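Structure data (compact mmCIF, C-alpha atoms) from upload17.txt:
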```
# COMPACT_ATOMS: atom_id res chain seq x y z
CA GLN P 177 -0.65 26.63 17.27
CA LEU P 178 2.70 24.88 17.61
CA HIS P 179 1.42 22.80 20.51
CA LEU P 180 -1.75 22.01 18.62
CA HIS P 181 0.26 20.85 15.59
CA GLU P 182 2.45 18.64 17.81
CA ALA P 183 -0.66 17.15 19.40
CA MET P 184 -2.17 16.40 15.98
CA GLU P 185 1.00 14.70 14.81
CA ALA P 186 1.20 12.66 18.02
CA MET P 187 -2.27 11.24 17.55
CA PRO P 188 -2.31 7.44 16.81
CA ALA P 189 -4.92 8.16 14.16
CA GLY P 190 -5.28 10.01 10.86
CA LEU P 191 -6.83 13.46 11.17
CA GLU P 192 -8.36 15.66 8.43
CA ILE P 193 -10.45 18.81 8.75
CA TYR P 194 -12.60 20.34 6.01
CA ASP P 195 -14.00 23.91 5.99
CA GLU P 196 -17.59 24.93 5.28
CA GLN P 197 -16.91 24.57 1.50
CA ASP P 198 -15.71 21.01 2.19
CA ARG P 199 -12.09 21.88 1.36
CA LEU P 200 -9.23 20.12 3.12
CA ILE P 201 -7.55 22.62 5.41
CA VAL P 202 -5.80 20.44 8.05
CA TYR P 203 -4.30 16.94 8.07
CA ASN P 204 -1.55 15.11 9.92
CA GLN P 205 1.23 12.88 8.64
CA HIS P 206 -0.43 9.79 10.08
CA LEU P 207 -3.22 10.26 7.56
CA ALA P 208 -0.70 10.48 4.71
CA GLN P 209 0.85 7.20 5.84
CA MET P 210 -2.50 5.45 6.23
CA ALA P 211 -3.82 6.53 2.80
CA PRO P 212 -0.92 6.58 0.33
CA HIS P 213 -3.39 6.38 -2.56
CA ILE P 214 -4.62 9.88 -1.62
CA PRO P 215 -1.87 12.57 -2.14
CA VAL P 216 -3.14 14.68 0.73
CA HIS P 217 -0.04 16.92 0.65
CA GLU P 218 -1.14 18.01 -2.86
CA ALA P 219 -4.85 18.09 -1.98
CA LEU P 220 -4.61 20.74 0.71
CA GLY P 221 -7.16 23.41 -0.21
CA HIS P 222 -9.03 21.06 -2.55
CA THR P 223 -12.52 19.77 -1.95
CA TYR P 224 -13.48 16.36 -0.64
CA GLU P 225 -14.90 15.58 -4.08
CA HIS P 226 -11.47 16.28 -5.56
CA LEU P 227 -9.93 13.74 -3.14
CA LEU P 228 -12.54 11.15 -4.14
CA ARG P 229 -11.79 11.60 -7.83
CA THR P 230 -8.03 11.44 -7.21
CA SER P 231 -8.50 8.28 -5.20
CA LEU P 232 -10.55 6.68 -7.99
CA ALA P 233 -7.91 7.66 -10.53
CA ASN P 234 -5.33 5.81 -8.40
CA GLY P 235 -7.56 2.71 -8.39
CA ALA P 236 -8.77 2.94 -4.82
CA PRO P 237 -11.36 1.78 -4.43
CA PRO P 238 -11.56 -0.31 -7.63
CA VAL P 239 -14.90 1.03 -8.91
CA PRO P 240 -15.73 0.35 -12.62
CA ALA P 241 -15.58 3.50 -14.78
CA GLU P 242 -19.29 3.38 -15.62
CA GLU P 243 -20.16 3.35 -11.92
CA GLN P 244 -17.72 5.97 -10.65
CA GLU P 245 -20.01 9.02 -10.99
CA ALA P 246 -22.80 7.25 -9.11
CA TRP P 247 -20.31 6.20 -6.43
CA ILE P 248 -19.07 9.81 -6.03
CA ALA P 249 -22.63 11.12 -5.87
CA ASN P 250 -23.50 8.60 -3.16
CA MET P 251 -20.41 9.45 -1.10
CA LEU P 252 -21.17 13.18 -1.31
CA ALA P 253 -24.85 12.64 -0.43
CA GLN P 254 -23.84 10.85 2.78
CA ARG P 255 -21.16 13.39 3.63
CA GLY P 256 -21.46 14.50 7.26
CA LEU P 257 -24.62 12.47 7.85
CA HIS P 258 -23.11 9.39 9.45
CA THR P 259 -23.99 9.07 13.11
CA GLY P 260 -21.68 6.16 13.73
CA PRO P 261 -18.26 4.96 12.61
CA GLN P 262 -17.69 3.60 9.11
CA VAL P 263 -15.29 0.73 8.36
CA ARG P 264 -13.49 0.74 5.00
CA TYR P 265 -10.92 -1.52 3.39
CA TYR P 266 -7.91 0.17 1.81
CA PRO P 267 -5.77 -1.11 -1.10
CA THR P 268 -2.86 -1.39 1.31
CA GLY P 269 -4.62 -4.33 2.93
CA ARG P 270 -5.53 -2.32 5.99
CA TRP P 271 -8.92 -1.68 7.54
CA MET P 272 -9.80 1.83 8.68
CA GLN P 273 -12.56 3.08 10.93
CA LEU P 274 -13.81 6.55 9.98
CA HIS P 275 -15.48 8.97 12.38
CA GLU P 276 -17.02 12.04 10.72
CA THR P 277 -18.27 14.96 12.84
CA ARG P 278 -19.80 18.16 11.54
CA THR P 279 -19.10 21.21 13.72
CA PRO P 280 -21.64 23.97 14.44
CA THR P 281 -19.79 26.22 11.99
CA GLY P 282 -20.13 23.68 9.15
CA TYR P 283 -16.64 22.20 9.33
CA ILE P 284 -16.18 18.43 9.08
CA VAL P 285 -13.62 16.69 11.28
CA CYS P 286 -12.67 13.17 10.19
CA VAL P 287 -10.63 10.79 12.30
CA ARG P 288 -9.33 7.54 10.77
CA LEU P 289 -8.26 4.69 13.05
CA ASP P 290 -6.35 1.62 11.87
CA VAL P 291 -8.48 -1.30 13.07
CA THR P 292 -6.81 -3.95 10.93
CA ASP P 293 -5.65 -6.04 13.89
CA HIS P 294 -9.10 -5.87 15.44
CA ILE P 295 -10.78 -6.85 12.17
CA LEU P 296 -8.37 -9.71 11.58
CA GLN P 297 -8.87 -10.94 15.14
CA LYS P 298 -12.62 -10.75 14.70
CA GLN P 299 -12.39 -12.59 11.39
CA ALA P 300 -10.22 -15.25 13.00
CA LEU P 301 -12.67 -15.52 15.90
CA ASP P 302 -15.61 -15.75 13.51
CA ALA P 303 -13.78 -18.40 11.51
CA SER P 304 -13.04 -20.31 14.70
CA ARG P 305 -16.66 -20.08 15.73
CA GLN P 306 -17.75 -21.29 12.32
CA GLU P 307 -15.27 -24.17 12.51
CA ALA P 308 -16.50 -25.02 16.01
CA GLN P 309 -20.10 -24.85 14.85
CA LEU P 310 -19.26 -27.02 11.83
CA ALA P 311 -17.42 -29.49 14.07
CA ARG P 312 -20.40 -29.66 16.43
CA GLU P 313 -22.79 -30.16 13.51
CA LEU P 314 -20.53 -32.90 12.16
CA LEU P 315 -20.45 -34.50 15.63
CA GLU P 316 -24.22 -34.27 15.94
CA ASP P 317 -24.70 -35.70 12.45
CA ALA P 318 -22.24 -38.49 13.19
CA ILE P 319 -23.83 -39.56 16.48
CA GLU P 320 -27.31 -39.20 15.01
CA THR P 321 -26.47 -41.70 12.27
CA LEU P 322 -25.23 -44.28 14.78
CA PRO P 323 -27.54 -47.32 15.00
CA GLU P 324 -26.87 -47.43 18.76
CA ALA P 325 -27.94 -45.02 21.48
CA PHE P 326 -25.07 -42.62 22.25
CA ALA P 327 -24.44 -40.00 24.94
CA LEU P 328 -21.41 -37.84 25.71
CA TYR P 329 -20.67 -36.26 29.11
CA ASP P 330 -18.00 -33.69 29.97
CA GLN P 331 -15.39 -33.88 32.76
CA ASP P 332 -18.03 -32.65 35.22
CA ASP P 333 -20.33 -35.52 34.16
CA ARG P 334 -22.80 -33.19 32.47
CA LEU P 335 -24.54 -34.03 29.21
CA VAL P 336 -22.81 -32.62 26.12
CA ALA P 337 -24.78 -34.40 23.40
CA CYS P 338 -26.98 -37.43 22.79
CA ASN P 339 -28.79 -38.81 19.76
CA SER P 340 -32.46 -39.62 19.18
CA GLN P 341 -31.80 -43.33 19.75
CA PHE P 342 -30.62 -42.50 23.27
CA ARG P 343 -33.85 -40.60 23.93
CA ALA P 344 -35.85 -43.50 22.47
CA VAL P 345 -34.40 -46.15 24.79
CA TYR P 346 -34.95 -43.96 27.88
CA PRO P 347 -38.34 -42.33 27.17
CA LEU P 348 -39.06 -41.74 30.88
CA MET P 349 -35.86 -39.67 31.23
CA THR P 350 -36.28 -37.37 28.21
CA PRO P 351 -37.62 -34.39 30.24
CA LEU P 352 -34.15 -34.04 31.81
CA MET P 353 -32.08 -34.75 28.68
CA ARG P 354 -30.77 -31.22 28.28
CA THR P 355 -27.26 -30.02 27.56
CA GLY P 356 -25.55 -29.36 30.88
CA GLN P 357 -27.76 -31.75 32.86
CA SER P 358 -25.78 -34.02 35.20
CA PHE P 359 -25.82 -37.78 34.70
CA GLU P 360 -26.80 -38.39 38.33
CA GLU P 361 -29.82 -36.07 38.12
CA MET P 362 -31.06 -37.82 34.97
CA LEU P 363 -30.48 -41.23 36.57
CA ARG P 364 -32.39 -40.34 39.74
CA HIS P 365 -35.29 -39.03 37.66
CA GLY P 366 -35.28 -42.31 35.69
CA VAL P 367 -35.38 -44.39 38.87
CA LEU P 368 -38.32 -42.40 40.28
CA ALA P 369 -40.13 -42.66 36.92
CA GLY P 370 -39.75 -46.46 36.79
CA GLN P 371 -37.26 -46.52 33.93
CA PHE P 372 -35.17 -49.25 35.60
CA PRO P 373 -37.11 -52.30 36.90
CA GLU P 374 -33.98 -53.67 38.59
CA ALA P 375 -33.99 -50.68 40.96
CA LEU P 376 -37.48 -51.39 42.31
CA GLY P 377 -37.34 -51.83 46.09
CA ARG P 378 -33.59 -51.13 46.28
CA GLU P 379 -33.37 -47.68 44.73
CA ASP P 380 -30.48 -46.25 46.76
CA GLN P 381 -28.34 -49.37 46.42
CA TRP P 382 -29.02 -49.59 42.67
CA LEU P 383 -28.16 -45.91 42.19
CA SER P 384 -24.88 -46.36 44.06
CA GLU P 385 -23.97 -49.42 41.98
CA ARG P 386 -24.88 -47.73 38.68
CA MET P 387 -22.93 -44.57 39.53
CA HIS P 388 -19.89 -46.71 40.40
CA GLU P 389 -20.14 -48.54 37.04
CA HIS P 390 -20.56 -45.24 35.20
CA HIS P 391 -17.51 -43.58 36.77
CA ALA P 392 -15.41 -46.73 36.38
CA ALA P 393 -16.25 -46.51 32.63
CA GLY P 394 -14.63 -49.78 31.72
CA LEU P 395 -16.51 -53.05 31.55
CA ALA P 396 -19.67 -53.48 29.50
CA THR P 397 -22.74 -54.07 31.69
CA MET P 398 -26.28 -55.31 31.10
CA GLN P 399 -29.25 -53.09 31.92
CA GLN P 400 -32.90 -54.10 32.07
CA LEU P 401 -35.64 -51.77 30.82
CA PRO P 402 -39.43 -52.02 31.12
CA ASP P 403 -41.28 -54.53 28.89
CA GLN P 404 -38.48 -57.09 29.32
CA ARG P 405 -36.07 -55.12 27.12
CA TRP P 406 -32.31 -55.29 27.66
CA LEU P 407 -29.39 -52.99 26.83
CA ARG P 408 -25.66 -53.57 26.82
CA VAL P 409 -24.06 -50.41 28.25
CA HIS P 410 -20.48 -49.73 27.15
CA GLU P 411 -18.81 -46.55 28.52
CA ARG P 412 -15.28 -45.19 28.10
CA ARG P 413 -13.35 -42.16 29.35
CA THR P 414 -12.44 -39.46 26.81
CA ARG P 415 -9.04 -37.73 26.68
CA SER P 416 -10.54 -34.66 28.37
CA GLY P 417 -11.89 -36.72 31.27
CA GLY P 418 -15.47 -36.98 30.06
CA ILE P 419 -17.43 -40.16 29.43
CA ALA P 420 -18.74 -41.47 26.11
CA GLY P 421 -21.35 -44.22 26.30
CA VAL P 422 -23.05 -46.52 23.80
CA ARG P 423 -26.24 -48.47 24.50
CA THR P 424 -27.00 -51.46 22.28
CA ASP P 425 -30.41 -53.14 22.34
CA VAL P 426 -29.68 -56.82 22.97
CA THR P 427 -33.24 -57.86 23.85
CA GLU P 428 -33.44 -60.52 21.13
CA LEU P 429 -30.05 -61.92 22.11
CA VAL P 430 -31.06 -62.10 25.79
CA ARG P 431 -34.34 -63.79 24.88
CA LYS P 432 -32.51 -66.34 22.76
CA GLU P 433 -30.08 -66.97 25.63
CA GLN P 434 -33.00 -67.37 28.03
CA LEU P 435 -34.72 -69.80 25.67
CA LEU P 436 -31.46 -71.70 25.25
CA ALA P 437 -30.95 -71.83 29.02
CA ALA P 438 -34.51 -73.07 29.48
CA ALA P 439 -33.99 -75.67 26.77
CA ASN P 440 -30.73 -76.81 28.38
CA ALA P 441 -32.44 -77.01 31.75
CA GLN P 442 -35.22 -79.06 30.18
CA LEU P 443 -32.67 -81.35 28.54
CA ALA P 444 -30.84 -81.70 31.85
CA LEU P 445 -34.15 -82.54 33.52
CA LEU P 446 -35.01 -85.08 30.85
CA SER P 447 -31.58 -86.67 31.14
CA THR P 448 -32.08 -87.21 34.87
CA THR P 449 -35.82 -87.97 34.90
CA ASP P 450 -37.62 -91.24 34.30
CA GLY P 451 -39.95 -90.69 31.38
CA LEU P 452 -42.78 -92.85 32.71
CA THR P 453 -42.96 -91.87 36.38
CA GLY P 454 -41.52 -88.33 36.39
CA ILE P 455 -39.09 -89.01 39.24
CA GLY P 456 -35.31 -89.50 38.97
CA ASN P 457 -33.94 -92.16 36.65
CA ARG P 458 -31.28 -94.82 37.21
CA ARG P 459 -28.51 -92.65 35.78
CA HIS P 460 -29.34 -89.77 38.11
CA PHE P 461 -29.48 -92.13 41.09
CA ASP P 462 -26.09 -93.72 40.32
CA GLU P 463 -24.49 -90.25 40.06
CA ARG P 464 -26.06 -89.02 43.28
CA LEU P 465 -25.19 -92.16 45.21
CA GLY P 466 -21.53 -91.82 44.20
CA ASN P 467 -21.45 -88.14 45.22
CA GLU P 468 -23.21 -88.69 48.53
CA TRP P 469 -20.94 -91.63 49.35
CA GLN P 470 -17.85 -89.44 48.79
CA ARG P 471 -19.30 -86.63 50.89
CA GLY P 472 -20.25 -89.04 53.65
CA ALA P 473 -16.77 -90.56 53.68
CA ARG P 474 -15.13 -87.11 53.92
CA GLN P 475 -17.47 -85.51 56.43
CA GLN P 476 -18.82 -88.61 58.27
CA ILE P 477 -22.38 -87.74 57.23
CA PRO P 478 -24.80 -90.70 57.51
CA LEU P 479 -26.75 -91.75 54.42
CA SER P 480 -29.98 -93.77 54.23
CA LEU P 481 -30.77 -95.85 51.15
CA LEU P 482 -34.17 -97.48 50.68
CA LEU P 483 -34.68 -100.03 47.90
CA VAL P 484 -38.43 -100.39 47.14
CA ASP P 485 -40.01 -103.21 45.13
CA ILE P 486 -43.71 -103.62 44.19
CA ASP P 487 -44.98 -106.97 45.46
CA HIS P 488 -46.12 -109.40 42.72
CA PHE P 489 -46.03 -106.72 40.02
CA LYS P 490 -45.82 -109.28 37.20
CA LEU P 491 -49.11 -110.79 38.36
CA TYR P 492 -50.59 -107.26 38.46
CA ASN P 493 -49.46 -106.56 34.90
CA ASP P 494 -50.74 -109.92 33.62
CA HIS P 495 -54.17 -109.36 35.18
CA TYR P 496 -54.79 -105.63 34.60
CA GLY P 497 -52.65 -105.00 31.49
CA HIS P 498 -49.63 -102.83 30.78
CA VAL P 499 -51.53 -99.54 30.68
CA ALA P 500 -52.80 -100.12 34.19
CA GLY P 501 -49.33 -101.35 35.13
CA ASP P 502 -47.80 -98.07 33.99
CA ALA P 503 -50.41 -96.14 35.97
CA CYS P 504 -49.57 -98.28 39.02
CA LEU P 505 -45.86 -97.46 38.64
CA ARG P 506 -46.67 -93.75 38.54
CA GLN P 507 -48.80 -93.97 41.70
CA VAL P 508 -46.05 -95.71 43.63
CA ALA P 509 -43.49 -93.17 42.32
CA GLN P 510 -45.67 -90.32 43.64
CA ALA P 511 -45.87 -92.03 47.03
CA LEU P 512 -42.06 -92.06 47.16
CA ALA P 513 -41.87 -88.45 45.96
CA ARG P 514 -44.15 -87.37 48.80
CA CYS P 515 -41.69 -88.81 51.29
CA VAL P 516 -38.84 -86.75 49.81
CA ARG P 517 -39.03 -83.29 51.37
CA ARG P 518 -35.59 -81.67 50.94
CA ALA P 519 -33.69 -80.64 47.84
CA ASP P 520 -30.81 -82.98 48.72
CA GLU P 521 -33.14 -86.02 48.93
CA LEU P 522 -33.89 -88.21 45.91
CA ALA P 523 -36.59 -90.63 44.80
CA ALA P 524 -35.78 -92.52 41.59
CA ARG P 525 -36.88 -95.46 39.48
CA TYR P 526 -34.19 -98.09 39.73
CA GLY P 527 -35.57 -100.34 37.01
CA GLY P 528 -38.79 -102.22 36.21
CA GLU P 529 -40.90 -102.17 39.35
CA GLU P 530 -37.98 -101.27 41.64
CA PHE P 531 -37.43 -97.80 43.13
CA VAL P 532 -34.85 -96.16 45.37
CA VAL P 533 -34.96 -93.38 47.94
CA LEU P 534 -31.71 -91.66 48.94
CA ILE P 535 -31.67 -89.43 52.03
CA ARG P 536 -28.56 -87.92 53.62
CA ASP P 537 -27.87 -86.95 57.22
CA THR P 538 -30.43 -89.30 58.82
CA THR P 539 -30.42 -91.60 61.83
CA ARG P 540 -31.58 -95.20 61.71
CA HIS P 541 -34.83 -94.19 63.38
CA GLU P 542 -35.48 -91.50 60.75
CA GLY P 543 -34.77 -93.99 57.96
CA GLU P 544 -37.23 -96.46 59.43
CA THR P 545 -39.85 -93.72 59.79
CA ILE P 546 -39.53 -92.93 56.08
CA ALA P 547 -39.87 -96.63 55.21
CA LYS P 548 -43.07 -96.85 57.30
CA ASP P 549 -44.44 -93.72 55.64
CA ILE P 550 -43.90 -95.27 52.20
CA LEU P 551 -45.63 -98.48 53.21
CA ASP P 552 -48.58 -96.57 54.65
CA ASP P 553 -48.88 -94.24 51.65
CA VAL P 554 -49.04 -97.16 49.19
CA ARG P 555 -51.55 -99.04 51.34
CA ASN P 556 -53.75 -95.97 51.73
CA GLN P 557 -54.01 -95.58 47.96
CA LYS P 558 -55.95 -98.91 47.92
CA ILE P 559 -54.80 -99.93 44.46
CA GLU P 560 -56.74 -103.12 43.76
CA HIS P 561 -54.56 -106.23 43.27
CA LYS P 562 -56.74 -109.37 43.08
CA ASN P 563 -53.90 -111.74 42.23
CA SER P 564 -51.78 -110.77 45.26
CA SER P 565 -51.31 -113.46 47.94
CA ILE P 566 -50.64 -110.77 50.55
CA SER P 567 -53.47 -108.28 50.34
CA GLU P 568 -56.40 -107.34 48.13
CA TYR P 569 -54.54 -104.06 47.52
CA LEU P 570 -51.12 -103.29 46.12
CA THR P 571 -48.20 -103.46 48.56
CA VAL P 572 -44.43 -102.90 48.47
CA SER P 573 -41.38 -104.36 50.19
CA ILE P 574 -38.45 -102.20 51.30
CA GLY P 575 -34.79 -102.90 52.02
CA LEU P 576 -33.18 -100.19 54.18
CA THR P 577 -29.47 -99.66 54.81
CA LEU P 578 -27.67 -96.88 56.68
CA TYR P 579 -24.13 -95.83 55.73
CA ASN P 580 -22.19 -94.02 58.49
CA GLY P 581 -19.18 -92.91 56.44
CA GLU P 582 -17.01 -96.01 56.98
CA GLU P 583 -13.99 -95.79 54.71
CA ASP P 584 -13.90 -99.54 53.99
CA VAL P 585 -17.45 -99.59 52.53
CA THR P 586 -17.88 -98.72 48.83
CA TYR P 587 -21.10 -97.31 47.41
CA PRO P 588 -21.79 -100.50 45.36
CA GLU P 589 -21.63 -102.34 48.67
CA ILE P 590 -24.21 -99.94 50.15
CA LEU P 591 -26.56 -100.82 47.29
CA LYS P 592 -25.81 -104.52 47.76
CA LEU P 593 -26.70 -104.31 51.47
CA ALA P 594 -29.99 -102.60 50.64
CA ASP P 595 -30.74 -105.35 48.11
CA GLN P 596 -30.02 -108.00 50.75
CA ALA P 597 -32.37 -106.25 53.18
CA LEU P 598 -35.07 -106.18 50.47
CA TYR P 599 -34.58 -109.90 49.92
CA LEU P 600 -35.09 -110.51 53.64
CA ALA P 601 -38.28 -108.38 53.61
CA LYS P 602 -39.68 -110.49 50.78
CA ASN P 603 -38.76 -113.76 52.49
CA GLU P 604 -40.50 -112.63 55.66
CA GLY P 605 -43.81 -112.15 53.89
CA ARG P 606 -43.52 -108.87 51.91
CA ASP P 607 -45.47 -105.66 52.65
CA ARG P 608 -42.81 -104.62 55.14
CA TYR P 609 -39.33 -103.14 55.45
CA GLN P 610 -36.16 -104.85 56.66
```

Will you turn the file into structure tokens for me?
Amino acid sequence: QLHLHEAMEAMPAGLEIYDEQDRLIVYNQHLAQMAPHIPVHEALGHTYEHLLRTSLANGAPPVPAEEQEAWIANMLAQRGLHTGPQVRYYPTGRWMQLHETRTPTGYIVCVRLDVTDHILQKQALDASRQEAQLARELLEDAIETLPEAFALYDQDDRLVACNSQFRAVYPLMTPLMRTGQSFEEMLRHGVLAGQFPEALGREDQWLSERMHEHHAAGLATMQQLPDQRWLRVHERRTRSGGIAGVRTDVTELVRKEQLLAAANAQLALLSTTDGLTGIGNRRHFDERLGNEWQRGARQQIPLSLLLVDIDHFKLYNDHYGHVAGDACLRQVAQALARCVRRADELAARYGGEEFVVLIRDTTRHEGETIAKDILDDVRNQKIEHKNSSISEYLTVSIGLTLYNGEEDVTYPEILKLADQALYLAKNEGRDRYQ
């Protein structure tokens, strides 16, 4: 019995044993320390009901007087019937776990364990979970209210969260937009589904470029979507090494920029185009001649200049009228344009019925061939000219000069030499080149 008593006192739990009449017959000091509101040293030999009433008299638990009898009746009705542990809060601020076991002889053995630390840890963990859940809900609410598409990836580049706007701008990728899905897997699915028109025909290269931009997470980039829609993608690294990205729909801005660029291109074209004939104007010719002269002087590149004049155009205008005269100018301009085959060649209206053709990197023979082609093209159009003293059809005269990059020749002098050659062609009977 001595050893048994020592073992009971050494237990890290409160122990109490009741006989078949439910009277307290054994307890240890640990129980007395755990339940100071119950004077167990005075209750030895008393019934469990007596302990309940003593406990209520000491205010533990704080049950209203009108409810105490019902509370006692309930506690007695459940006595010895619990199949699992019970957890109770004591006035000392401690939590106890009670294990009641009824023996075959009708005794009840009750073991009380102090589980305060466990309960407090669980409460703290539950509170932390609630805080984490609240923080996540706040995050989800915040990103959902953003007017832009938003997505957040962790340090392993896996999706943490995205809003409905993000799903809306990438509808072909939504089947893979799940928490934990990697960015690369979603991107590859989008490419295969046709989400990115820019990737068509160069899928692997586009994927590599997009992954590099994504991991760099610095500069804002433009991204084209189907139906001519455009996004500005702006991604940044988070403190934990993840990536947060915002997509802004800039379709209207891109369209306005495209319209503005087209309008500027049209203005540039109009500023360099002759309104009547549709070929280059005098301003465009003067600019090109100066540039080509400088290039020729630096690189010794030959330059051919042809000055073209319609023969007896005043007589044509007087006889057929200005409307027909304008049509005649357009036909001659088209003949010159057909002789210009490269992007660096130019046909332009010089003024009135005079035109110029500027061709770089040509020999004298090639320049003469072009002059002959112009003469033949105008003749073959068979534009009637009854008042001409040369032919029954419209003809032109051409002055041709070739600049070989000589440093002592200025570009106004090149034009002057072409004009002199044109004068010679007219003096020698017109409808020819000189």

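Residue nearest Tyr579 (chain P) within the list P:Met187, P:Ala303, P:Leu591, P:Leu289: P:Leu591 [criterion: smallest interatomic distance, all atoms listed in the file].
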
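Comparing the minimum interatomic distances between Leu483 (chain P) and each of P:Ala597, P:Val336, P:Ile455, P:Cys504, counting all atoms listed in the file, we find that P:Ala597 sits nearest.
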
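Computed from the coordinates, the CA of Glu530 (chain P) to CA of Asn580 (chain P) distance equals 24.2 Å.
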
From P:Gln596, P:Leu314, P:Glu582, P:Ala246, residue lying nearest Ala473 (chain P) [all atoms listed in the file]: P:Glu582

Near-Lys562 (chain P) list (8 Å; all atoms listed in the file; drop same-chain fewer than 3 positions) as a short mmCIF file (atom, residue, chain, number, x, y, z; two decimals) with C-alpha atoms, in the coordinates of the input:
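Just written: around-v9.cif:
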```cif
data_model
loop_
_atom_site.label_atom_id
_atom_site.label_comp_id
_atom_site.auth_asym_id
_atom_site.auth_seq_id
_atom_site.Cartn_x
_atom_site.Cartn_y
_atom_site.Cartn_z
CA TYR P 492 -50.59 -107.26 38.46
CA GLU P 568 -56.40 -107.34 48.13
CA TYR P 569 -54.54 -104.06 47.52
#
```

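The neighbours of Gly581 (chain P) here are the residues that come within 10 Å of it, using only C-alpha atoms and leaving out any residue fewer than 2 positions away in the same chain; they are Glu468, Trp469, Gln470, Arg471, Gly472, Ala473, Arg474, Gln475, Gln476, Ile477, Pro478, Leu479, Leu578, Tyr579, Glu583, Asp584, Val585 and Thr586 of chain P.
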
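Using only C-alpha atoms, the smallest distance between any of P:Asp195, P:Ala500, P:Ala439, P:Leu512 and Gly454 (chain P) comes from P:Leu512.
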
Which residues, written as a tab-separated table (two decimals) with C-alpha atoms, keeping the file's coordinate frame, have at least one atom at most 12 Å from Ala211 (chain P), with all atoms listed in the file counted and residues fewer than 5 positions away on the same chain left out?
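To be explicit, this is the file written out as result38.tsv:
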```tsv
chain	number	residue	atom	x	y	z
P	189	ALA	CA	-4.92	8.16	14.16
P	190	GLY	CA	-5.28	10.01	10.86
P	191	LEU	CA	-6.83	13.46	11.17
P	192	GLU	CA	-8.36	15.66	8.43
P	203	TYR	CA	-4.30	16.94	8.07
P	204	ASN	CA	-1.55	15.11	9.92
P	205	GLN	CA	1.23	12.88	8.64
P	206	HIS	CA	-0.43	9.79	10.08
P	216	VAL	CA	-3.14	14.68	0.73
P	217	HIS	CA	-0.04	16.92	0.65
P	227	LEU	CA	-9.93	13.74	-3.14
P	230	THR	CA	-8.03	11.44	-7.21
P	231	SER	CA	-8.50	8.28	-5.20
P	234	ASN	CA	-5.33	5.81	-8.40
P	236	ALA	CA	-8.77	2.94	-4.82
P	237	PRO	CA	-11.36	1.78	-4.43
P	264	ARG	CA	-13.49	0.74	5.00
P	265	TYR	CA	-10.92	-1.52	3.39
P	266	TYR	CA	-7.91	0.17	1.81
P	267	PRO	CA	-5.77	-1.11	-1.10
P	268	THR	CA	-2.86	-1.39	1.31
P	269	GLY	CA	-4.62	-4.33	2.93
P	270	ARG	CA	-5.53	-2.32	5.99
P	271	TRP	CA	-8.92	-1.68	7.54
P	272	MET	CA	-9.80	1.83	8.68
P	288	ARG	CA	-9.33	7.54	10.77
P	289	LEU	CA	-8.26	4.69	13.05
P	290	ASP	CA	-6.35	1.62	11.87
```

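With CA of Thr223 (chain P) on one side and CA of Glu185 (chain P) on the other, the separation reads 22.1 Å.
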
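The space between CA of Asp333 (chain P) and CA of His391 (chain P) spans 8.9 Å.
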
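For the set P:Ala392, P:Leu328, P:Leu593, P:Met184, the residue with the smallest atom-to-atom gap to Ala420 (chain P) is P:Leu328, counting only C-alpha atoms.
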
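Minimum atom-to-atom distances from P:Glu544, P:Glu374, P:Asp450, P:Glu433 to Arg525 (chain P) were compared using all atoms listed in the file, and the lowest value belongs to P:Asp450.
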
Counting all atoms listed in the file, note down every residue that has an atom within 9 Å of the point (-36.1, -88.3, 47.9) (file coordinates), as an mmCIF file with C-alpha atoms, in the coordinates of the input.
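Written out: out.cif:
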```cif
data_model
loop_
_atom_site.group_PDB
_atom_site.id
_atom_site.type_symbol
_atom_site.label_atom_id
_atom_site.label_comp_id
_atom_site.auth_asym_id
_atom_site.auth_seq_id
_atom_site.Cartn_x
_atom_site.Cartn_y
_atom_site.Cartn_z
ATOM 1 C CA LEU P 512 -42.060 -92.060 47.160
ATOM 2 C CA ALA P 513 -41.870 -88.450 45.960
ATOM 3 C CA ARG P 514 -44.150 -87.370 48.800
ATOM 4 C CA CYS P 515 -41.690 -88.810 51.290
ATOM 5 C CA VAL P 516 -38.840 -86.750 49.810
ATOM 6 C CA ARG P 517 -39.030 -83.290 51.370
ATOM 7 C CA ARG P 518 -35.590 -81.670 50.940
ATOM 8 C CA ALA P 519 -33.690 -80.640 47.840
ATOM 9 C CA ASP P 520 -30.810 -82.980 48.720
ATOM 10 C CA GLU P 521 -33.140 -86.020 48.930
ATOM 11 C CA LEU P 522 -33.890 -88.210 45.910
ATOM 12 C CA ALA P 523 -36.590 -90.630 44.800
ATOM 13 C CA ALA P 524 -35.780 -92.520 41.590
ATOM 14 C CA VAL P 532 -34.850 -96.160 45.370
ATOM 15 C CA VAL P 533 -34.960 -93.380 47.940
ATOM 16 C CA LEU P 534 -31.710 -91.660 48.940
ATOM 17 C CA ILE P 535 -31.670 -89.430 52.030
#
```

Within 12 Å of Leu348 (chain P) using only C-alpha atoms, minus same-chain residues under 3 positions, as a ChimeraX atom specification: /P:342-345,351-353,362-372,401-402

Shell of 10 Å around Asp607 (chain P), all atoms listed in the file, local chain residues under 3 positions omitted, as a PyMOL selection string: chain P and resi 485-487+551-552+554-555+566-567+570-574+601-602+604

Report, as lines of an AutoDock Vina configuration file, the centre and edge lengths in Å (one decimal) of the axis-aligned box enclosing every listed atom of region 217-232 of chain P, padded by 6 Å on each side.
```
center_x = -7.5
center_y = 15.0
center_z = -3.6
size_x = 26.9
size_y = 28.7
size_z = 20.7
```
